[in-house]
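Participant: So here's final.cif, just mmCIF, C-alpha atoms, pLDDT in the B column; chains and numbers go by the auth columns:
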```cif
data_run
#
loop_
_atom_site.group_PDB
_atom_site.id
_atom_site.type_symbol
_atom_site.label_atom_id
_atom_site.label_comp_id
_atom_site.label_asym_id
_atom_site.label_seq_id
_atom_site.Cartn_x
_atom_site.Cartn_y
_atom_site.Cartn_z
_atom_site.B_iso_or_equiv
_atom_site.auth_seq_id
_atom_site.auth_asym_id
ATOM 1 C CA GLY A 1 51.572 152.468 78.442 71.00 16 F
ATOM 2 C CA GLY A 2 48.771 154.579 79.839 73.00 17 F
ATOM 3 C CA VAL A 3 46.366 151.791 80.860 70.00 18 F
ATOM 4 C CA GLY A 4 46.647 152.624 84.560 73.00 19 F
ATOM 5 C CA LYS A 5 49.369 150.407 86.039 80.00 20 F
ATOM 6 C CA THR A 6 50.976 153.245 87.979 83.00 21 F
ATOM 7 C CA THR A 7 47.564 154.495 89.080 80.00 22 F
ATOM 8 C CA TYR A 8 46.737 151.075 90.529 79.00 23 F
ATOM 9 C CA LEU A 9 50.123 150.861 92.265 81.00 24 F
ATOM 10 C CA THR A 10 49.633 154.376 93.680 83.00 25 F
ATOM 11 C CA LYS A 11 46.226 153.377 95.049 85.00 26 F
ATOM 12 C CA PHE A 12 47.743 150.216 96.536 80.00 27 F
ATOM 13 C CA ASN A 13 50.546 152.270 98.120 81.00 28 F
ATOM 14 C CA ASN A 14 48.157 154.871 99.543 84.00 29 F
ATOM 15 C CA GLU A 15 45.875 152.231 101.045 82.00 30 F
ATOM 16 C CA PHE A 16 48.821 150.665 102.856 76.00 31 F
ATOM 17 C CA LEU A 17 50.085 154.038 104.061 76.00 32 F
ATOM 18 C CA GLU A 18 46.628 155.062 105.293 77.00 33 F
ATOM 19 C CA ALA A 19 45.993 151.766 107.078 74.00 34 F
ATOM 20 C CA GLN A 20 46.685 152.144 110.769 65.00 35 F
ATOM 21 C CA ALA A 21 47.782 148.535 111.028 68.00 36 F
ATOM 22 C CA ASN A 22 49.682 146.784 108.313 75.00 37 F
ATOM 23 C CA ASP A 23 52.302 144.092 108.574 80.00 38 F
ATOM 24 C CA PHE A 24 55.218 146.137 107.255 84.00 39 F
ATOM 25 C CA GLU A 25 57.783 148.281 109.043 86.00 40 F
ATOM 26 C CA VAL A 26 58.462 150.258 105.910 86.00 41 F
ATOM 27 C CA ILE A 27 56.807 150.674 102.525 87.00 42 F
ATOM 28 C CA ILE A 28 59.192 151.694 99.770 90.00 43 F
ATOM 29 C CA TRP A 29 58.195 153.107 96.368 91.00 44 F
ATOM 30 C CA VAL A 30 60.758 153.183 93.561 91.00 45 F
ATOM 31 C CA THR A 31 60.165 154.234 89.962 90.00 46 F
ATOM 32 C CA VAL A 32 62.648 152.223 87.921 89.00 47 F
ATOM 33 C CA THR A 33 62.084 153.282 84.257 82.00 48 F
ATOM 34 C CA LYS A 34 63.545 151.859 81.083 84.00 49 F
ATOM 35 C CA ASP A 35 67.147 152.847 81.777 84.00 50 F
ATOM 36 C CA VAL A 36 67.752 151.030 85.081 83.00 51 F
ATOM 37 C CA ASN A 37 69.932 153.083 87.418 86.00 52 F
ATOM 38 C CA ILE A 38 70.948 150.918 90.370 88.00 53 F
ATOM 39 C CA THR A 39 72.439 153.841 92.287 87.00 54 F
ATOM 40 C CA LYS A 40 69.149 155.784 92.030 89.00 55 F
ATOM 41 C CA ILE A 41 67.166 152.719 93.134 90.00 56 F
ATOM 42 C CA GLN A 42 69.502 152.339 96.114 91.00 57 F
ATOM 43 C CA GLU A 43 69.159 156.031 96.997 89.00 58 F
ATOM 44 C CA ASP A 44 65.354 155.916 96.804 90.00 59 F
ATOM 45 C CA ILE A 45 65.286 152.866 99.078 91.00 60 F
ATOM 46 C CA SER A 46 67.862 154.308 101.483 89.00 61 F
ATOM 47 C CA VAL A 47 65.816 157.501 101.976 89.00 62 F
ATOM 48 C CA ARG A 48 62.870 155.398 103.172 88.00 63 F
ATOM 49 C CA LEU A 49 65.267 153.641 105.570 88.00 64 F
ATOM 50 C CA GLY A 50 66.381 156.939 107.133 83.00 65 F
ATOM 51 C CA PHE A 51 69.481 157.744 105.096 79.00 66 F
ATOM 52 C CA SER A 52 69.811 161.016 103.206 73.00 67 F
ATOM 53 C CA ARG A 53 70.422 161.769 99.569 74.00 68 F
ATOM 54 C CA PRO A 54 74.034 162.697 98.736 74.00 69 F
ATOM 55 C CA GLY A 55 74.961 166.131 100.079 74.00 70 F
ATOM 56 C CA GLN A 56 72.035 166.218 102.534 76.00 71 F
ATOM 57 C CA GLY A 57 73.329 164.217 105.527 74.00 72 F
ATOM 58 C CA PRO A 58 74.339 160.626 106.331 78.00 73 F
ATOM 59 C CA THR A 59 74.167 158.502 103.179 78.00 74 F
ATOM 60 C CA LEU A 60 74.935 155.002 102.034 80.00 75 F
ATOM 61 C CA PRO A 61 78.644 154.307 101.406 83.00 76 F
ATOM 62 C CA GLY A 62 80.033 155.556 98.086 82.00 77 F
ATOM 63 C CA ASN A 63 81.653 152.266 97.118 85.00 78 F
ATOM 64 C CA GLU A 64 79.249 150.083 95.100 87.00 79 F
ATOM 65 C CA ALA A 65 79.888 146.862 97.058 89.00 80 F
ATOM 66 C CA ASP A 66 79.731 148.619 100.456 90.00 81 F
ATOM 67 C CA ARG A 67 76.532 150.426 99.420 89.00 82 F
ATOM 68 C CA ARG A 68 74.950 147.131 98.341 91.00 83 F
ATOM 69 C CA ASP A 69 76.000 145.411 101.585 92.00 84 F
ATOM 70 C CA ALA A 70 74.773 148.263 103.799 90.00 85 F
ATOM 71 C CA LEU A 71 71.402 148.272 102.049 92.00 86 F
ATOM 72 C CA TYR A 72 71.149 144.485 102.254 91.00 87 F
ATOM 73 C CA GLN A 73 71.892 144.518 105.987 90.00 88 F
ATOM 74 C CA ALA A 74 69.381 147.296 106.674 89.00 89 F
ATOM 75 C CA LEU A 75 66.623 145.606 104.655 90.00 90 F
ATOM 76 C CA SER A 76 67.330 142.121 106.031 87.00 91 F
ATOM 77 C CA ARG A 77 66.320 143.324 109.491 86.00 92 F
ATOM 78 C CA LYS A 78 63.038 144.824 108.300 86.00 93 F
ATOM 79 C CA LYS A 79 59.669 143.590 107.216 87.00 94 F
ATOM 80 C CA PHE A 80 59.228 145.668 104.094 89.00 95 F
ATOM 81 C CA LEU A 81 56.981 146.115 101.095 88.00 96 F
ATOM 82 C CA LEU A 82 58.865 147.203 97.979 89.00 97 F
ATOM 83 C CA LEU A 83 56.814 148.754 95.185 91.00 98 F
ATOM 84 C CA LEU A 84 58.712 148.899 91.889 91.00 99 F
ATOM 85 C CA ASP A 85 56.987 150.941 89.211 91.00 100 F
ATOM 86 C CA ASP A 86 57.662 150.761 85.480 87.00 101 F
ATOM 87 C CA LEU A 87 59.988 147.767 85.151 85.00 102 F
ATOM 88 C CA TRP A 88 61.167 147.174 81.588 88.00 103 F
ATOM 89 C CA GLU A 89 63.507 144.356 82.527 84.00 104 F
ATOM 90 C CA GLU A 90 64.236 142.218 85.551 83.00 105 F
ATOM 91 C CA PRO A 91 66.292 144.273 88.011 84.00 106 F
ATOM 92 C CA ASP A 92 69.234 142.580 89.680 84.00 107 F
ATOM 93 C CA LEU A 93 67.925 142.602 93.253 86.00 108 F
ATOM 94 C CA GLU A 94 71.091 141.021 94.645 87.00 109 F
ATOM 95 C CA LYS A 95 73.368 143.587 92.974 89.00 110 F
ATOM 96 C CA THR A 96 71.104 146.352 94.277 90.00 111 F
ATOM 97 C CA GLY A 97 71.202 145.028 97.847 90.00 112 F
ATOM 98 C CA ILE A 98 67.566 143.964 98.070 89.00 113 F
ATOM 99 C CA PRO A 99 67.019 140.651 99.829 85.00 114 F
ATOM 100 C CA GLY A 100 64.464 138.564 97.981 71.00 115 F
ATOM 101 C CA PRO A 101 61.353 137.298 99.762 62.00 116 F
ATOM 102 C CA ARG A 102 62.932 133.850 100.153 63.00 117 F
ATOM 103 C CA GLU A 103 66.121 135.272 101.666 61.00 118 F
ATOM 104 C CA ASN A 104 64.221 137.435 104.118 55.00 119 F
ATOM 105 C CA GLU A 105 62.100 134.604 105.564 60.00 120 F
ATOM 106 C CA SER A 106 58.971 135.995 103.887 59.00 121 F
ATOM 107 C CA LYS A 107 59.362 139.342 105.647 78.00 122 F
ATOM 108 C CA ALA A 108 59.813 141.029 102.279 82.00 123 F
ATOM 109 C CA LYS A 109 57.183 141.494 99.621 85.00 124 F
ATOM 110 C CA VAL A 110 57.788 142.955 96.183 85.00 125 F
ATOM 111 C CA VAL A 111 54.996 144.350 94.007 83.00 126 F
ATOM 112 C CA PHE A 112 55.832 145.727 90.594 87.00 127 F
ATOM 113 C CA THR A 113 54.329 147.120 87.410 84.00 128 F
ATOM 114 C CA THR A 114 55.556 146.242 83.958 85.00 129 F
ATOM 115 C CA ARG A 115 54.364 146.118 80.380 80.00 130 F
ATOM 116 C CA SER A 116 56.088 142.775 79.922 83.00 131 F
ATOM 117 C CA LYS A 117 54.819 139.327 80.801 87.00 132 F
ATOM 118 C CA GLU A 118 58.427 138.170 80.353 88.00 133 F
ATOM 119 C CA VAL A 119 59.498 140.390 83.274 84.00 134 F
ATOM 120 C CA CYS A 120 56.768 138.809 85.399 85.00 135 F
ATOM 121 C CA VAL A 121 58.074 135.341 84.563 87.00 136 F
ATOM 122 C CA LYS A 122 61.712 136.292 85.217 86.00 137 F
ATOM 123 C CA MET A 123 60.748 137.923 88.526 83.00 138 F
ATOM 124 C CA GLU A 124 58.869 134.729 89.447 82.00 139 F
ATOM 125 C CA ALA A 125 55.683 136.683 90.121 83.00 140 F
ATOM 126 C CA GLN A 126 53.321 134.715 92.327 84.00 141 F
ATOM 127 C CA LYS A 127 50.350 136.542 90.876 85.00 142 F
ATOM 128 C CA MET A 128 49.959 138.501 87.654 84.00 143 F
ATOM 129 C CA LEU A 129 47.203 141.033 87.059 80.00 144 F
ATOM 130 C CA ARG A 130 46.557 142.365 83.589 81.00 145 F
ATOM 131 C CA VAL A 131 45.271 145.923 83.337 77.00 146 F
ATOM 132 C CA ASN A 132 43.012 146.095 80.304 78.00 147 F
ATOM 133 C CA PHE A 133 42.010 148.969 78.078 76.00 148 F
ATOM 134 C CA LEU A 134 38.708 150.665 78.863 80.00 149 F
ATOM 135 C CA ASP A 135 35.742 149.634 76.772 80.00 150 F
ATOM 136 C CA GLU A 136 33.639 152.234 74.960 85.00 151 F
ATOM 137 C CA GLU A 137 31.212 152.773 77.847 85.00 152 F
ATOM 138 C CA GLU A 138 33.994 153.085 80.453 81.00 153 F
ATOM 139 C CA SER A 139 35.855 155.484 78.150 79.00 154 F
ATOM 140 C CA TRP A 140 32.743 157.637 77.790 80.00 155 F
ATOM 141 C CA GLU A 141 32.239 157.720 81.580 81.00 156 F
ATOM 142 C CA LEU A 142 35.855 158.715 82.254 82.00 157 F
ATOM 143 C CA PHE A 143 35.864 161.337 79.497 83.00 158 F
ATOM 144 C CA SER A 144 32.589 162.799 80.811 80.00 159 F
ATOM 145 C CA LEU A 145 34.001 162.884 84.321 82.00 160 F
ATOM 146 C CA LYS A 146 37.133 164.694 83.158 81.00 161 F
ATOM 147 C CA VAL A 147 35.171 167.206 81.054 80.00 162 F
ATOM 148 C CA GLY A 148 33.090 168.043 84.102 77.00 163 F
ATOM 149 C CA ALA A 149 29.424 168.196 85.042 74.00 164 F
ATOM 150 C CA GLU A 150 29.002 171.711 83.655 76.00 165 F
ATOM 151 C CA VAL A 151 29.333 170.345 80.101 77.00 166 F
ATOM 152 C CA ASP A 152 26.505 167.969 79.184 77.00 167 F
ATOM 153 C CA LEU A 153 27.931 165.899 76.341 77.00 168 F
ATOM 154 C CA ASN A 154 24.695 163.923 75.919 74.00 169 F
ATOM 155 C CA SER A 155 22.401 166.883 75.270 75.00 170 F
ATOM 156 C CA SER A 156 24.577 168.755 72.794 74.00 171 F
ATOM 157 C CA PRO A 157 24.090 167.482 69.229 78.00 172 F
ATOM 158 C CA SER A 158 27.363 169.097 68.124 81.00 173 F
ATOM 159 C CA LEU A 159 29.521 168.023 71.082 81.00 174 F
ATOM 160 C CA ARG A 160 28.482 164.378 71.292 81.00 175 F
ATOM 161 C CA PRO A 161 29.935 163.282 67.896 80.00 176 F
ATOM 162 C CA LEU A 162 33.112 165.262 68.554 82.00 177 F
ATOM 163 C CA ALA A 163 33.476 163.681 71.989 81.00 178 F
ATOM 164 C CA LYS A 164 32.939 160.201 70.482 83.00 179 F
ATOM 165 C CA THR A 165 35.687 160.905 67.921 81.00 180 F
ATOM 166 C CA VAL A 166 38.121 162.017 70.654 81.00 181 F
ATOM 167 C CA ILE A 167 37.260 158.998 72.813 82.00 182 F
ATOM 168 C CA SER A 168 37.731 156.647 69.867 81.00 183 F
ATOM 169 C CA GLY A 169 41.115 158.199 69.122 82.00 184 F
ATOM 170 C CA CYS A 170 42.272 157.527 72.682 80.00 185 F
ATOM 171 C CA GLY A 171 41.921 153.775 72.185 79.00 186 F
ATOM 172 C CA GLY A 172 40.658 152.997 75.678 76.00 187 F
ATOM 173 C CA LEU A 173 43.736 154.448 77.403 76.00 188 F
ATOM 174 C CA PRO A 174 42.766 156.272 80.603 75.00 189 F
ATOM 175 C CA LEU A 175 45.902 158.411 80.499 73.00 190 F
ATOM 176 C CA ALA A 176 45.022 159.648 76.997 74.00 191 F
ATOM 177 C CA LEU A 177 41.436 160.349 78.033 69.00 192 F
#
```
Hey, can you dump this file as structure tokens for me?
Facilitator:
Amino acid sequence: GGVGKTTYLTKFNNEFLEAQANDFEVIIWVTVTKDVNITKIQEDISVRLGFSRPGQGPTLPGNEADRRDALYQALSRKKFLLLLDDLWEEPDLEKTGIPGPRENESKAKVVFTTRSKEVCVKMEAQKMLRVNFLDEEESWELFSLKVGAEVDLNSSPSLRPLAKTVISGCGGLPLAL
């Protein structure tokens, strides 16, 4: 955790949203987390499809099977990009109502972040990208950037060793820096 997976996915999402022309009718972002909540995933997707959250207007059906079927039907008619952040295990796309890329005649694309190579294998990822820790130089650059230009870490004999100790303690994790 903290190497920048969500940051990369956010950048990817923003680039698609900012692009005037992309191939998708809808781009859907869902944060899944360790305790998978299918109902929450369905709600997050349904909001992007024009439904409302419970108590705020027209929603997906309350019955689990009807909700799944309604979501499946709505997504099957769309060319969509689904961004799933923070997968800890393979989600049951069918049970959720998400047509897989094969079922949707390649109109659907799923991009996800996970800490687990096993999840990538189970999800049959076509391409896996590993986000590595920052090396010492990259850590120094990021730390300096976050401290700000008004503090010159290089010219202060007392600050430089302290900064190096803090950077070392962060272990190359951008989030910690």
Participant: Quote the spacing between CA of Ile53 (chain F) and CA of Leu144 (chain F) in Å to one decimal place.
Facilitator: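 Calculated distance between CA of Ile53 (chain F) and CA of Leu144 (chain F) is 25.9 Å.
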Participant: Do a neighbour search on Phe31 (chain F) at 12 Å with all atoms listed in the file, toss out local chain neighbours closer than 3 positions, and write the hits as a PyMOL selection string.
Facilitator: chain F and resi 24-28+34-44+95-98
Participant: Which residues come within 12 Å of Lys179 (chain F), counting all atoms listed in the file, excluding same-chain residues fewer than 3 positions away, as a PyMOL selection string?
Facilitator: chain F and resi 151-152+154-156+158-159+168-169+172-176+182-187+192
Participant: What is the CA of Lys94 (chain F)-CA of Lys122 (chain F) distance in Å, reported with one decimal?
Facilitator: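 Between CA of Lys94 (chain F) and CA of Lys122 (chain F) the gap is 4.5 Å.
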Participant: Choose the residue, out of F:Leu90, F:Lys20, F:Glu33, F:Leu64, that has the smallest atom-to-atom separation from Gly112 (chain F); count only C-alpha atoms.
Facilitator: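 Checking each candidate against Gly112 (chain F), we get F:Leu90 as the closest.
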Participant: Under the rule that all atoms listed in the file are counted, which of F:Thr129, F:Gln88, F:Val18, F:Lys124 is the nearest residue to Gln141 (chain F)?
Facilitator: F:Lys124
Participant: Just so the selection is clear, what residues does the PyMOL selection byres ((chain F and resi 111) around 7) cover here, as a list in words?
Facilitator: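 Output of the PyMOL selection byres ((chain F and resi 111) around 7): Ile53, Gln57, Arg83, Asp107, Leu108, Glu109, Lys110, Gly112 and Ile113 of chain F.
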Participant: Give me the residues within 8 Å of Thr21 (chain F) as an MDAnalysis selection string, counting all atoms listed in the file and dropping any in the same chain fewer than 4 places off.
Facilitator: chainID F and resid 25 100:101 128
Participant: Go ahead and save the picked residues with C-alpha atoms, as a PDB file, keeping the file's coordinate frame.
Facilitator:
```
ATOM      1  CA  THR F  25      49.633 154.376  93.680  1.00 83.00           C
ATOM      2  CA  ASP F 100      56.987 150.941  89.211  1.00 91.00           C
ATOM      3  CA  ASP F 101      57.662 150.761  85.480  1.00 87.00           C
ATOM      4  CA  THR F 128      54.329 147.120  87.410  1.00 84.00           C
TER       5      THR F 128
END
```
Participant: What gap, in Å, lies between CA of Lys93 (chain F) and CA of Arg63 (chain F)?
Facilitator: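 Atom-to-atom, CA of Lys93 (chain F) and CA of Arg63 (chain F) are spaced 11.8 Å apart.
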Participant: List, as JSON, numbers by chain, every residue that the PyMOL selection byres ((chain F and resi 58) around 12) selects in the file provided.
Facilitator: {"F": [43, 44, 45, 46, 47, 52, 53, 54, 55, 56, 57, 59, 60, 61, 62, 63, 64, 65, 66, 67, 68, 69, 71, 73, 74, 75, 76, 77, 79, 82, 83, 85, 86, 111, 112]}
Participant: Calculated over all atoms listed in the file, which of the candidates F:Val51, F:Leu149, F:Asp167, F:Ala140 has the smallest distance to Leu190 (chain F)?
Facilitator: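 Looking at the shortest contact to Leu190 (chain F), the residue is F:Leu149.
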Participant: Pick the closest to Gly16 (chain F) from F:Val166, F:Leu157, F:Leu102, F:Val136: which is it, counting all atoms listed in the file?
Facilitator: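 Answer, going by the shortest atom-to-atom distance: F:Leu102.
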Participant: Looking at F:Ala123, F:Val146, F:Leu188, F:Val181, which one is nearest to Val162 (chain F), with distances taken over all atoms listed in the file?
Facilitator: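 Of all the options, F:Val181 lies closest to Val162 (chain F).
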Participant: Pick from F:Ala89, F:Met138, F:Leu32, F:Met143: nearest to Gly115 (chain F), with all atoms listed in the file counted?
Facilitator: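 Counting all atoms listed in the file, the residue closest to Gly115 (chain F) is F:Met138.
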Participant: Can you turn the PyMOL selection byres ((chain F and resi 105) around 6) into a concrete residue list for this file, as an MDAnalysis selection string?
Facilitator: chainID F and resid 104 106 134
Participant: Go ahead and write the selection's residues with C-alpha atoms as a PDB file, in the coordinates of the input.
Facilitator:
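Output below, filename out_36.pdb:
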```pdb
ATOM      1  CA  GLU F 104      63.507 144.356  82.527  1.00 84.00           C
ATOM      2  CA  PRO F 106      66.292 144.273  88.011  1.00 84.00           C
ATOM      3  CA  VAL F 134      59.498 140.390  83.274  1.00 84.00           C
TER       4      VAL F 134
END
```
